[in-house]
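> Data file final27.tsv (TSV, N, CA, C and O atoms) is appended below.
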```tsv
chain	number	residue	atom	x	y	z
Z	1	MET	N	-19.37	39.25	61.31
Z	1	MET	CA	-18.39	38.86	60.33
Z	1	MET	C	-18.85	37.55	59.65
Z	1	MET	O	-19.54	36.75	60.26
Z	2	SER	N	-18.38	37.35	58.46
Z	2	SER	CA	-18.80	36.18	57.69
Z	2	SER	C	-18.08	34.92	58.15
Z	2	SER	O	-17.01	34.97	58.77
Z	3	GLU	N	-18.68	33.79	57.81
Z	3	GLU	CA	-18.08	32.50	58.14
Z	3	GLU	C	-16.74	32.32	57.41
Z	3	GLU	O	-15.79	31.79	57.98
Z	4	ASP	N	-16.66	32.78	56.16
Z	4	ASP	CA	-15.40	32.68	55.40
Z	4	ASP	C	-14.30	33.47	56.09
Z	4	ASP	O	-13.16	33.02	56.18
Z	5	PHE	N	-14.64	34.67	56.57
Z	5	PHE	CA	-13.66	35.49	57.29
Z	5	PHE	C	-13.18	34.76	58.54
Z	5	PHE	O	-11.98	34.65	58.79
Z	6	ASN	N	-14.12	34.26	59.34
Z	6	ASN	CA	-13.76	33.56	60.57
Z	6	ASN	C	-12.88	32.35	60.30
Z	6	ASN	O	-11.90	32.12	61.01
Z	7	MET	N	-13.20	31.58	59.28
Z	7	MET	CA	-12.40	30.40	58.97
Z	7	MET	C	-10.99	30.78	58.50
Z	7	MET	O	-10.01	30.16	58.92
Z	8	SER	N	-10.89	31.79	57.65
Z	8	SER	CA	-9.57	32.19	57.16
Z	8	SER	C	-8.72	32.77	58.28
Z	8	SER	O	-7.51	32.54	58.34
Z	9	MET	N	-9.35	33.52	59.17
Z	9	MET	CA	-8.61	34.10	60.30
Z	9	MET	C	-8.13	33.00	61.24
Z	9	MET	O	-6.97	33.00	61.67
Z	10	ARG	N	-8.98	32.03	61.54
Z	10	ARG	CA	-8.58	30.93	62.42
Z	10	ARG	C	-7.46	30.10	61.80
Z	10	ARG	O	-6.53	29.69	62.50
Z	11	LYS	N	-7.54	29.87	60.50
Z	11	LYS	CA	-6.49	29.12	59.81
Z	11	LYS	C	-5.16	29.87	59.89
Z	11	LYS	O	-4.12	29.28	60.18
Z	12	PHE	N	-5.20	31.18	59.66
Z	12	PHE	CA	-3.98	32.00	59.74
Z	12	PHE	C	-3.40	31.97	61.16
Z	12	PHE	O	-2.20	31.77	61.34
Z	13	LEU	N	-4.25	32.18	62.17
Z	13	LEU	CA	-3.77	32.21	63.55
Z	13	LEU	C	-3.22	30.87	63.99
Z	13	LEU	O	-2.23	30.80	64.73
Z	14	LYS	N	-3.81	29.77	63.52
Z	14	LYS	CA	-3.27	28.44	63.83
Z	14	LYS	C	-1.89	28.28	63.22
Z	14	LYS	O	-0.96	27.80	63.87
Z	15	GLN	N	-1.73	28.73	61.97
Z	15	GLN	CA	-0.43	28.65	61.30
Z	15	GLN	C	0.60	29.50	62.04
Z	15	GLN	O	1.74	29.07	62.24
Z	16	VAL	N	0.22	30.69	62.46
Z	16	VAL	CA	1.12	31.56	63.22
Z	16	VAL	C	1.55	30.88	64.51
Z	16	VAL	O	2.74	30.84	64.84
Z	17	GLY	N	0.60	30.31	65.23
Z	17	GLY	CA	0.92	29.68	66.51
Z	17	GLY	C	1.85	28.49	66.36
Z	17	GLY	O	2.85	28.37	67.07
Z	18	VAL	N	1.53	27.61	65.42
Z	18	VAL	CA	2.32	26.39	65.24
Z	18	VAL	C	3.73	26.72	64.74
Z	18	VAL	O	4.72	26.24	65.29
Z	19	THR	N	3.83	27.55	63.72
Z	19	THR	CA	5.15	27.85	63.16
Z	19	THR	C	5.98	28.69	64.12
Z	19	THR	O	7.20	28.53	64.19
Z	20	SER	N	5.35	29.57	64.89
Z	20	SER	CA	6.09	30.37	65.87
Z	20	SER	C	6.64	29.49	66.97
Z	20	SER	O	7.79	29.66	67.40
Z	21	GLN	N	5.84	28.55	67.46
Z	21	GLN	CA	6.32	27.64	68.50
Z	21	GLN	C	7.50	26.83	68.00
Z	21	GLN	O	8.49	26.67	68.71
Z	22	GLN	N	7.40	26.34	66.77
Z	22	GLN	CA	8.50	25.56	66.20
Z	22	GLN	C	9.78	26.40	66.10
Z	22	GLN	O	10.87	25.92	66.42
Z	23	ALA	N	9.64	27.64	65.66
Z	23	ALA	CA	10.80	28.52	65.52
Z	23	ALA	C	11.43	28.83	66.87
Z	23	ALA	O	12.67	28.83	67.01
Z	24	ILE	N	10.61	29.06	67.88
Z	24	ILE	CA	11.13	29.36	69.22
Z	24	ILE	C	11.85	28.14	69.79
Z	24	ILE	O	12.95	28.25	70.34
Z	25	GLU	N	11.23	26.96	69.66
Z	25	GLU	CA	11.85	25.75	70.17
Z	25	GLU	C	13.19	25.47	69.50
Z	25	GLU	O	14.17	25.13	70.16
Z	26	GLU	N	13.26	25.65	68.19
Z	26	GLU	CA	14.51	25.43	67.47
Z	26	GLU	C	15.58	26.43	67.90
Z	26	GLU	O	16.74	26.06	68.13
Z	27	ALA	N	15.20	27.69	68.05
Z	27	ALA	CA	16.15	28.71	68.48
Z	27	ALA	C	16.68	28.41	69.88
Z	27	ALA	O	17.88	28.58	70.15
Z	28	MET	N	15.82	27.96	70.77
Z	28	MET	CA	16.24	27.62	72.13
Z	28	MET	C	17.19	26.41	72.12
Z	28	MET	O	18.16	26.38	72.86
Z	29	ARG	N	16.90	25.42	71.27
Z	29	ARG	CA	17.79	24.25	71.18
Z	29	ARG	C	19.16	24.64	70.65
Z	29	ARG	O	20.17	24.11	71.11
Z	30	ASN	N	19.20	25.57	69.71
Z	30	ASN	CA	20.46	25.97	69.08
Z	30	ASN	C	21.26	26.98	69.90
Z	30	ASN	O	22.46	27.13	69.69
Z	31	ALA	N	20.60	27.65	70.81
Z	31	ALA	CA	21.29	28.64	71.65
Z	31	ALA	C	21.92	27.94	72.84
Z	31	ALA	O	21.45	26.90	73.31
Z	32	GLU	N	22.99	28.51	73.33
Z	32	GLU	CA	23.65	27.95	74.50
Z	32	GLU	C	23.38	28.83	75.71
Z	32	GLU	O	23.23	30.05	75.60
Z	33	GLY	N	23.29	28.21	76.86
Z	33	GLY	CA	23.16	28.97	78.10
Z	33	GLY	C	21.79	29.58	78.32
Z	33	GLY	O	21.68	30.64	78.93
Z	34	THR	N	20.73	28.91	77.87
Z	34	THR	CA	19.39	29.48	78.04
Z	34	THR	C	18.72	29.01	79.32
Z	34	THR	O	17.76	29.63	79.78
Z	35	SER	N	19.23	27.94	79.92
Z	35	SER	CA	18.61	27.38	81.11
Z	35	SER	C	18.59	28.38	82.26
Z	35	SER	O	19.61	29.00	82.57
Z	36	GLY	N	17.42	28.54	82.86
Z	36	GLY	CA	17.29	29.43	84.00
Z	36	GLY	C	17.18	30.90	83.65
Z	36	GLY	O	17.04	31.74	84.53
Z	37	LYS	N	17.27	31.24	82.37
Z	37	LYS	CA	17.16	32.63	81.95
Z	37	LYS	C	15.78	32.90	81.36
Z	37	LYS	O	15.11	31.99	80.88
Z	38	SER	N	15.38	34.16	81.41
Z	38	SER	CA	14.14	34.60	80.78
Z	38	SER	C	14.47	35.50	79.61
Z	38	SER	O	15.44	36.26	79.66
Z	39	PHE	N	13.65	35.42	78.58
Z	39	PHE	CA	13.87	36.20	77.37
Z	39	PHE	C	12.62	37.00	77.03
Z	39	PHE	O	11.51	36.47	77.05
Z	40	GLU	N	12.82	38.28	76.76
Z	40	GLU	CA	11.72	39.13	76.34
Z	40	GLU	C	11.40	38.80	74.88
Z	40	GLU	O	12.30	38.70	74.05
Z	41	ALA	N	10.13	38.63	74.59
Z	41	ALA	CA	9.69	38.29	73.23
Z	41	ALA	C	8.70	39.33	72.74
Z	41	ALA	O	7.96	39.94	73.53
Z	42	LYS	N	8.71	39.53	71.43
Z	42	LYS	CA	7.77	40.47	70.82
Z	42	LYS	C	7.30	39.90	69.49
Z	42	LYS	O	8.11	39.41	68.69
Z	43	MET	N	5.99	39.93	69.28
Z	43	MET	CA	5.40	39.50	68.02
Z	43	MET	C	4.70	40.71	67.42
Z	43	MET	O	3.94	41.39	68.11
Z	44	VAL	N	5.00	40.99	66.15
Z	44	VAL	CA	4.39	42.12	65.47
Z	44	VAL	C	3.54	41.59	64.32
Z	44	VAL	O	4.06	40.89	63.45
Z	45	LEU	N	2.26	41.90	64.35
Z	45	LEU	CA	1.33	41.49	63.29
Z	45	LEU	C	0.98	42.72	62.47
Z	45	LEU	O	0.56	43.74	63.01
Z	46	THR	N	1.18	42.62	61.17
Z	46	THR	CA	0.76	43.69	60.27
Z	46	THR	C	-0.12	43.10	59.18
Z	46	THR	O	0.05	41.93	58.80
Z	47	ILE	N	-1.07	43.88	58.71
Z	47	ILE	CA	-1.90	43.48	57.58
Z	47	ILE	C	-1.87	44.61	56.57
Z	47	ILE	O	-2.32	45.72	56.85
Z	48	ASP	N	-1.28	44.29	55.42
Z	48	ASP	CA	-1.22	45.28	54.34
Z	48	ASP	C	-2.62	45.63	53.87
Z	48	ASP	O	-3.50	44.78	53.80
Z	49	GLY	N	-2.83	46.89	53.58
Z	49	GLY	CA	-4.10	47.34	53.02
Z	49	GLY	C	-5.09	47.84	54.03
Z	49	GLY	O	-6.08	48.48	53.65
Z	50	ILE	N	-4.88	47.55	55.34
Z	50	ILE	CA	-5.81	48.09	56.35
Z	50	ILE	C	-5.08	48.78	57.49
Z	50	ILE	O	-5.66	49.08	58.52
Z	51	ALA	N	-3.82	49.04	57.30
Z	51	ALA	CA	-3.01	49.80	58.27
Z	51	ALA	C	-3.09	49.23	59.68
Z	51	ALA	O	-3.27	49.96	60.65
Z	52	LEU	N	-2.95	47.93	59.80
Z	52	LEU	CA	-2.94	47.29	61.11
Z	52	LEU	C	-1.52	46.97	61.51
Z	52	LEU	O	-0.76	46.38	60.74
Z	53	GLU	N	-1.16	47.37	62.72
Z	53	GLU	CA	0.07	46.92	63.35
Z	53	GLU	C	-0.26	46.62	64.80
Z	53	GLU	O	-0.61	47.52	65.57
Z	54	HIS	N	-0.19	45.35	65.17
Z	54	HIS	CA	-0.55	44.89	66.51
Z	54	HIS	C	0.69	44.26	67.13
Z	54	HIS	O	1.29	43.36	66.54
Z	55	VAL	N	1.09	44.73	68.31
Z	55	VAL	CA	2.30	44.25	68.97
Z	55	VAL	C	1.91	43.52	70.24
Z	55	VAL	O	1.13	44.03	71.05
Z	56	VAL	N	2.45	42.31	70.40
Z	56	VAL	CA	2.26	41.53	71.62
Z	56	VAL	C	3.64	41.28	72.22
Z	56	VAL	O	4.55	40.85	71.52
Z	57	THR	N	3.79	41.57	73.51
Z	57	THR	CA	5.07	41.33	74.18
Z	57	THR	C	4.85	40.34	75.31
Z	57	THR	O	3.74	40.18	75.83
Z	58	GLY	N	5.92	39.66	75.67
Z	58	GLY	CA	5.82	38.70	76.76
Z	58	GLY	C	7.21	38.20	77.13
Z	58	GLY	O	8.22	38.71	76.68
Z	59	LYS	N	7.20	37.17	77.96
Z	59	LYS	CA	8.45	36.59	78.46
Z	59	LYS	C	8.44	35.10	78.21
Z	59	LYS	O	7.41	34.44	78.40
Z	60	ILE	N	9.57	34.57	77.76
Z	60	ILE	CA	9.72	33.13	77.56
Z	60	ILE	C	10.88	32.67	78.42
Z	60	ILE	O	11.99	33.25	78.34
Z	61	ASP	N	10.64	31.67	79.23
Z	61	ASP	CA	11.68	31.13	80.10
Z	61	ASP	C	12.48	30.09	79.34
Z	61	ASP	O	11.92	29.26	78.61
Z	62	GLY	N	13.79	30.16	79.47
Z	62	GLY	CA	14.68	29.23	78.78
Z	62	GLY	C	14.53	27.81	79.28
Z	62	GLY	O	14.09	27.58	80.40
Z	63	ALA	N	14.93	26.89	78.43
Z	63	ALA	CA	14.81	25.47	78.77
Z	63	ALA	C	16.15	24.91	79.20
Z	63	ALA	O	17.18	25.36	78.82
```
Translate the structure of the given file into structure tokens.

Amino acid sequence: MSEDFNMSMRKFLKQVGVTSQQAIEEAMRNAEGTSGKSFEAKMVLTIDGIALEHVVTGKIDGA
């Protein structure tokens, strides 16, 4: 793969990681009764034009 591709992909993934963490933290702060609970999480990545749909699931423990 080209260097331009690698750089653009890394930039996108960094943006996804940072903004997703911020959104999760804000949602947890605004929700009540999250302490001691676990929440199922799902991230869906799609890319128009190449028919990609990638699903990642996991668990996030409440604060």
> Find the residues near Val44 (chain Z): any atom within 7 Å, counting all atoms listed in the file, skip ones fewer than 2 places away on the same chain, and give them as an mmCIF file with N, CA, C and O atoms, in the coordinates of the input.

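Result file out-v8.cif:
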```cif
data_model
loop_
_atom_site.group_PDB
_atom_site.id
_atom_site.type_symbol
_atom_site.label_atom_id
_atom_site.label_comp_id
_atom_site.auth_asym_id
_atom_site.auth_seq_id
_atom_site.Cartn_x
_atom_site.Cartn_y
_atom_site.Cartn_z
ATOM 1 N N LYS Z 42 8.710 39.530 71.430
ATOM 2 C CA LYS Z 42 7.770 40.470 70.820
ATOM 3 C C LYS Z 42 7.300 39.900 69.490
ATOM 4 O O LYS Z 42 8.110 39.410 68.690
ATOM 5 N N THR Z 46 1.180 42.620 61.170
ATOM 6 C CA THR Z 46 0.760 43.690 60.270
ATOM 7 C C THR Z 46 -0.120 43.100 59.180
ATOM 8 O O THR Z 46 0.050 41.930 58.800
ATOM 9 N N GLU Z 53 -1.160 47.370 62.720
ATOM 10 C CA GLU Z 53 0.070 46.920 63.350
ATOM 11 C C GLU Z 53 -0.260 46.620 64.800
ATOM 12 O O GLU Z 53 -0.610 47.520 65.570
ATOM 13 N N HIS Z 54 -0.190 45.350 65.170
ATOM 14 C CA HIS Z 54 -0.550 44.890 66.510
ATOM 15 C C HIS Z 54 0.690 44.260 67.130
ATOM 16 O O HIS Z 54 1.290 43.360 66.540
ATOM 17 N N VAL Z 55 1.090 44.730 68.310
ATOM 18 C CA VAL Z 55 2.300 44.250 68.970
ATOM 19 C C VAL Z 55 1.910 43.520 70.240
ATOM 20 O O VAL Z 55 1.130 44.030 71.050
ATOM 21 N N VAL Z 56 2.450 42.310 70.400
ATOM 22 C CA VAL Z 56 2.260 41.530 71.620
ATOM 23 C C VAL Z 56 3.640 41.280 72.220
ATOM 24 O O VAL Z 56 4.550 40.850 71.520
#
```
> Quick one: everything within 10 Å of Gly33 (chain Z), counting only C-alpha atoms, minus sequence neighbours fewer than 5 positions away in the same chain. Send it as an MDAnalysis selection string.
chainID Z and resid 28 62:63
> Grab the residues selected above and save them as a PDB file, in the frame of the given file with N, CA, C and O atoms.

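Now in selection.pdb:
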```pdb
ATOM      1  N   MET Z  28      15.820  27.960  70.770  1.00  0.00           N
ATOM      2  CA  MET Z  28      16.240  27.620  72.130  1.00  0.00           C
ATOM      3  C   MET Z  28      17.190  26.410  72.120  1.00  0.00           C
ATOM      4  O   MET Z  28      18.160  26.380  72.860  1.00  0.00           O
ATOM      5  N   GLY Z  62      13.790  30.160  79.470  1.00  0.00           N
ATOM      6  CA  GLY Z  62      14.680  29.230  78.780  1.00  0.00           C
ATOM      7  C   GLY Z  62      14.530  27.810  79.280  1.00  0.00           C
ATOM      8  O   GLY Z  62      14.090  27.580  80.400  1.00  0.00           O
ATOM      9  N   ALA Z  63      14.930  26.890  78.430  1.00  0.00           N
ATOM     10  CA  ALA Z  63      14.810  25.470  78.770  1.00  0.00           C
ATOM     11  C   ALA Z  63      16.150  24.910  79.200  1.00  0.00           C
ATOM     12  O   ALA Z  63      17.180  25.360  78.820  1.00  0.00           O
TER      13      ALA Z  63
END
```
> Separation of atom C of Leu45 (chain Z) and CA of Leu13 (chain Z), in Å?
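Between these atoms lies a distance of 11.6 Å.
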> Which of chain Z end up as strand (DSSP E or B) when DSSP is run on this backbone - answer as a list of chain:residue names?
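The strand (DSSP E or B) residues within chain Z come out as Z:Ser38, Z:Phe39, Z:Glu40, Z:Ala41, Z:Lys42, Z:Met43, Z:Val44, Z:Leu45, Z:Thr46, Z:Ile47, Z:Leu52, Z:Glu53, Z:His54, Z:Val55, Z:Val56, Z:Thr57, Z:Gly58, Z:Lys59, Z:Ile60, Z:Asp61.
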> Measure the distance from CA of Ala51 (chain Z) to CA of Thr19 (chain Z) in Å and round it to one decimal.
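Atom-to-atom, CA of Ala51 (chain Z) and CA of Thr19 (chain Z) are spaced 23.9 Å apart.
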> Give me every helix (DSSP H, G or I) residue in region 13-53 of chain Z, going by DSSP on the backbone, as a ChimeraX atom specification.
/Z:13-30
> In Å, with one decimal, what is the gap from atom C of Ser8 (chain Z) to atom C of Gly49 (chain Z)?
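Answer for the atom C of Ser8 (chain Z) to atom C of Gly49 (chain Z) separation: 16.1 Å.
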> Compare Z:Gly58, Z:Lys14, Z:Met1, Z:Met9 by their minimum atom-to-atom distance to Ala41 (chain Z), counting only N, CA, C and O atoms, and give me the closest one.
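Smallest separation from Ala41 (chain Z) among the options: Z:Gly58.
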> Find the residue from Z:Met43, Z:Glu3, Z:Asp61, Z:Asn30 that sits nearest to Gly17 (chain Z); use only C-alpha atoms when measuring.
Z:Met43
> Pick the closest to Thr34 (chain Z) from Z:Val16, Z:Leu52, Z:Ile60, Z:Ile47: which is it, counting all atoms listed in the file?
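Checking each candidate against Thr34 (chain Z), we get Z:Ile60 as the closest.
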